[in-house]
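The block underneath contains the structure these notes are about, expressed in structure tokens.
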Amino acid sequence: MLYHSYCRLYQTAYRTAAPFMHWRTPERLHGTGSVEQLPALLKAKGVRQLLVVTDARIMQLGLADPFLSLLREQDIGVSLYDQIEPNPTTAQIEAARQLYEKTACDAIAAFGGGSVIDCAKAAAARIARPGRTLREMRGQLKVRRDLPLLAAVPTTAGTGSEATVAAVVSEPETKEKYAVNDTVLIPHIAVHDPLLTVGMPPAVTAETGMDALTHAVEAYIGRSGTKETKRLSESAVPLILSHLPAAYADGEDLEARGAMLEAAYQAGRAFTRAYVGNIHAVAHTLSAWYGVPHGRANAVVMPHVLRYYGTAVHRPLAALADAAGLDAGDEAARAEAFIRRIEKMNEQMGLPAHLPAIRTADLPFLVEQALAEANPLYPVPVIFGRGDMTLVYRLVQGTA
């Protein structure tokens with residue numbers, strides 16, 4: 001009980017301080033073809049040499065080629081780093097930072113999914129704080145320096161990283177995945193061009209879309225929400241439930257793709273202020289230990305954690321069910337209908353209900369890492385102890 005009180009006191013301190021922080025809202029370019037407006041905007045802001053962070057697949061597909069050509073037409077030099085893999089590592093982040101400094105860049109553009117954007121944000125943090133390692137900046141508000149101009153061009157609709165304070169870093173050697181969180185990491189510019197997401201494979205569409213849903217749900221059910229974050233979640237959830245199945249079924253559906261970009265952005269803005277919770281704490285360990293894609297891990301873990309919370313989340317989940325048009329009786333019934341809707345969407349998109357690859361021998365280590373991430377920071381509806389977290393892992397594993 002004393003530990004629970006400490007966690008709630010810690011969370012209250014952050015909630016009290018939050019209104020006095022600078023929560024930047026990115027300058028947005030959105031709509032079909034909007035990425036073509038970015039080079040001229042960068043030129044107008046005085047950019048001369050741009051570090052473009054992306055990945056090899058995007059380059060192979062030629063997805064960034066028109067953007068790179070327009071940069072050169074604007075006489076903006078390009079330094080290209082395209083070695084980002086899912087779950088960016090400290091080595092990749094350092095390589096991007098070194099290229100920025102070696103080629104005298106004065107701005108950064110992240111062109112890709114959440115991993116690419118996280119890498120760019122983490123590299124920008126290292127540029128702003130050359131005397132600090134990423135490990136030393138892990139946690140809350142340890143950057144505290146202005147970043148170089150940072151533009152984010154998402155090619156997936158899920159992380160909302162173009163609007164958030166977080167850069168998630170992986171260290172394969174220690175099997176750790178942690179976040180550097182600071183309001184200065186919110187990008188200055190966000191570009192939402194649905195054409196850039198048309199090439200997403202169905203599996204990636206499903207996983208990233210469920211990541212966005214997790215952000216919206218955890219921001220809504222947590223204890224640090226504001227009127228604005230609740231409004232954003234109540235808008236994002238129906239968009240996702242309505243448009244994710246369509247985007248999964250037909251990758252060329254520009255209306256669905258645009259709606260998912262908007263939903264991911266709204267969910268990102270919601271959780272960056274209201275935080276995530278135990279779902280993310282568990283999912284991060286599954287990515288670090290077993291290489292499960294982050295959105296896939298969230299999708300599997302979410303129903304199990306929401307049910308485990310029990311009556312503590314019936315009211316907010318019932319409100320989300322109402323926002324999504326799920327009419328299912330009393331508060332408890334509507335909350336259960338919302339969880340079942342998540343499970344049904346997972347099933348329709350080929351996402352599993354359990355992850356039997358979780359090794360029972362690993363559970364003590366997984367539990368400790370998840371608890372270290374969640375407590376005392378995350379303002380969750382129910383604070384988990386070792387017993388709670390162990391049972392959740394067994395539910396996800398399919399053995400409980």
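Residues in the structure tokens are named by chain (A, B, ... in the order shown) and by number from 1 within that chain; ligands are numbered from 1 in the order shown.
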
Residues near His4 in chain A, cut-off 10 Å, only C-alpha atoms, skip fewer than 3 positions along chain, as a compact mmCIF listing (two decimals) with N, CA and C atoms, in the first residue's frame:
# COMPACT_ATOMS: atom_id res chain seq x y z
N MET A 1 0.82 -1.21 0.00
CA MET A 1 0.00 0.00 0.00
C MET A 1 0.86 1.27 0.00
N CYS A 7 3.63 5.83 -5.79
CA CYS A 7 3.40 5.94 -7.24
C CYS A 7 2.37 7.03 -7.54
N ARG A 8 1.28 7.04 -6.79
CA ARG A 8 0.23 8.03 -7.04
C ARG A 8 0.73 9.44 -6.74
N LEU A 9 1.56 9.59 -5.72
CA LEU A 9 2.13 10.90 -5.40
C LEU A 9 3.05 11.37 -6.52
N TYR A 10 3.86 10.48 -7.03
CA TYR A 10 4.76 10.77 -8.15
C TYR A 10 3.96 11.23 -9.37
N ASN A 375 6.05 1.73 -13.29
CA ASN A 375 5.96 2.35 -11.96
C ASN A 375 7.24 3.12 -11.62
N PRO A 376 7.14 4.32 -11.12
CA PRO A 376 5.91 4.99 -10.67
C PRO A 376 5.29 5.93 -11.70
N VAL A 382 -4.96 0.83 -12.53
CA VAL A 382 -4.60 -0.09 -11.45
C VAL A 382 -3.09 -0.26 -11.47
N ILE A 383 -2.45 0.00 -10.35
CA ILE A 383 -1.00 -0.19 -10.26
C ILE A 383 -0.72 -1.67 -10.06
N PHE A 384 0.08 -2.25 -10.95
CA PHE A 384 0.38 -3.68 -10.87
C PHE A 384 1.58 -3.92 -9.96
N GLY A 385 1.49 -5.03 -9.21
CA GLY A 385 2.63 -5.58 -8.51
C GLY A 385 3.15 -6.78 -9.26

Name all residues at most 8 Å from Glu343 in chain A (count only C-alpha atoms; drop same-chain ones fewer than 4 positions away) and give them as number ranges by chain.
-> A: 303, 339, 347, 353

Of A:Thr390, A:Ser242, A:Ser224, A:Thr183, the one nearest to Gln11 in chain A when counting only C-alpha atoms is A:Ser224

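Atom to atom, CA of Leu239 in chain A and CA of Lys227 in chain A stand 18.8 Å apart.
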
Set the distance at 12 Å and use only C-alpha atoms: which residues neighbour Asp65 in chain A once local chain neighbours fewer than 4 positions away are removed? I'd like the list as a ChimeraX atom specification.
/A:35-36,52,54,58-61,69-72,78,80,111,196

Got a sec: who's within 12 Å of Glu336 in chain A, counting only C-alpha atoms, leaving out chain neighbours fewer than 6 positions off, as a PyMOL selection string?
chain A and resi 303-304+306-311+313-321+326-330+342-343

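Between Pro202 in chain A and the candidates A:Ser115, A:Thr156, A:Ser287, A:Asn87, the tightest atom-to-atom separation, counting only C-alpha atoms, involves A:Thr156.
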
Which residues are close to Pro238 in chain A, i.e. within 10 Å by only C-alpha atoms, leaving aside same-chain residues fewer than 6 positions away? Reply as a JSON list (two decimals) with N, CA and C atoms, in the first residue's frame.
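Listing of selection.json after writing:
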[["chain", "number", "residue", "atom", "x", "y", "z"],
["A", 213, "LEU", "N", -4.56, 2.71, -31.76],
["A", 213, "LEU", "CA", -5.71, 2.46, -30.89],
["A", 213, "LEU", "C", -5.27, 2.32, -29.43],
["A", 244, "LEU", "N", -9.74, 1.41, -39.94],
["A", 244, "LEU", "CA", -8.63, 0.45, -39.99],
["A", 244, "LEU", "C", -9.00, -0.81, -40.77],
["A", 263, "ALA", "N", -6.10, 9.83, -37.20],
["A", 263, "ALA", "CA", -6.35, 9.16, -35.92],
["A", 263, "ALA", "C", -5.04, 8.92, -35.16],
["A", 320, "LEU", "N", -15.97, 5.10, -24.32],
["A", 320, "LEU", "CA", -15.38, 4.88, -25.65],
["A", 320, "LEU", "C", -16.31, 4.04, -26.51],
["A", 321, "ALA", "N", -16.99, 3.08, -25.90],
["A", 321, "ALA", "CA", -17.98, 2.29, -26.65],
["A", 321, "ALA", "C", -19.09, 3.19, -27.17],
["A", 322, "ASP", "N", -19.52, 4.14, -26.34],
["A", 322, "ASP", "CA", -20.54, 5.09, -26.77],
["A", 322, "ASP", "C", -20.04, 5.93, -27.94],
["A", 323, "ALA", "N", -18.79, 6.40, -27.84],
["A", 323, "ALA", "CA", -18.22, 7.23, -28.91],
["A", 323, "ALA", "C", -18.13, 6.45, -30.22],
["A", 324, "ALA", "N", -17.93, 5.13, -30.09],
["A", 324, "ALA", "CA", -17.82, 4.28, -31.28],
["A", 324, "ALA", "C", -19.15, 3.72, -31.75],
["A", 325, "GLY", "N", -20.24, 4.09, -31.05],
["A", 325, "GLY", "CA", -21.56, 3.63, -31.47],
["A", 325, "GLY", "C", -21.86, 2.19, -31.10]]

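Separating CA of Glu228 in chain A from CA of Asp146 in chain A is a distance of 25.4 Å.
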
Students should find that CA of Ile84 in chain A and CA of Leu363 in chain A are spaced 29.5 Å

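Compared by their closest atoms to Leu38 in chain A, and using only C-alpha atoms, the residues A:Leu377, A:Met200, A:Ala125, A:Ala190 rank with A:Ala190 nearest.
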
Worksheet item: DSSP on the backbone: what in range 41-193 of chain A comes out strand (DSSP E), as a PyMOL selection string?
Response: chain A and resi 49-53+77-81+107-112+139-140+149-154+166-171+176-181+189-192

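Minimum atom-to-atom distances from A:Ala337, A:His354, A:Gly160, A:Pro245 to Gly268 in chain A were compared using only C-alpha atoms, and the lowest value belongs to A:Gly160.
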
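Of the residues listed (A:Pro19, A:Asp106, A:Ala157, A:Thr360), A:Thr360 shows the shortest atom-to-atom separation from Ala400 in chain A; distances use only C-alpha atoms.
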
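Within the 7 Å cut-off around Asp182 in chain A, using only C-alpha atoms and omitting residues fewer than 5 positions from it on the same chain, the listed residues are Gln140, Leu141, Lys142, Val143, Val165 and Ala166 of chain A.
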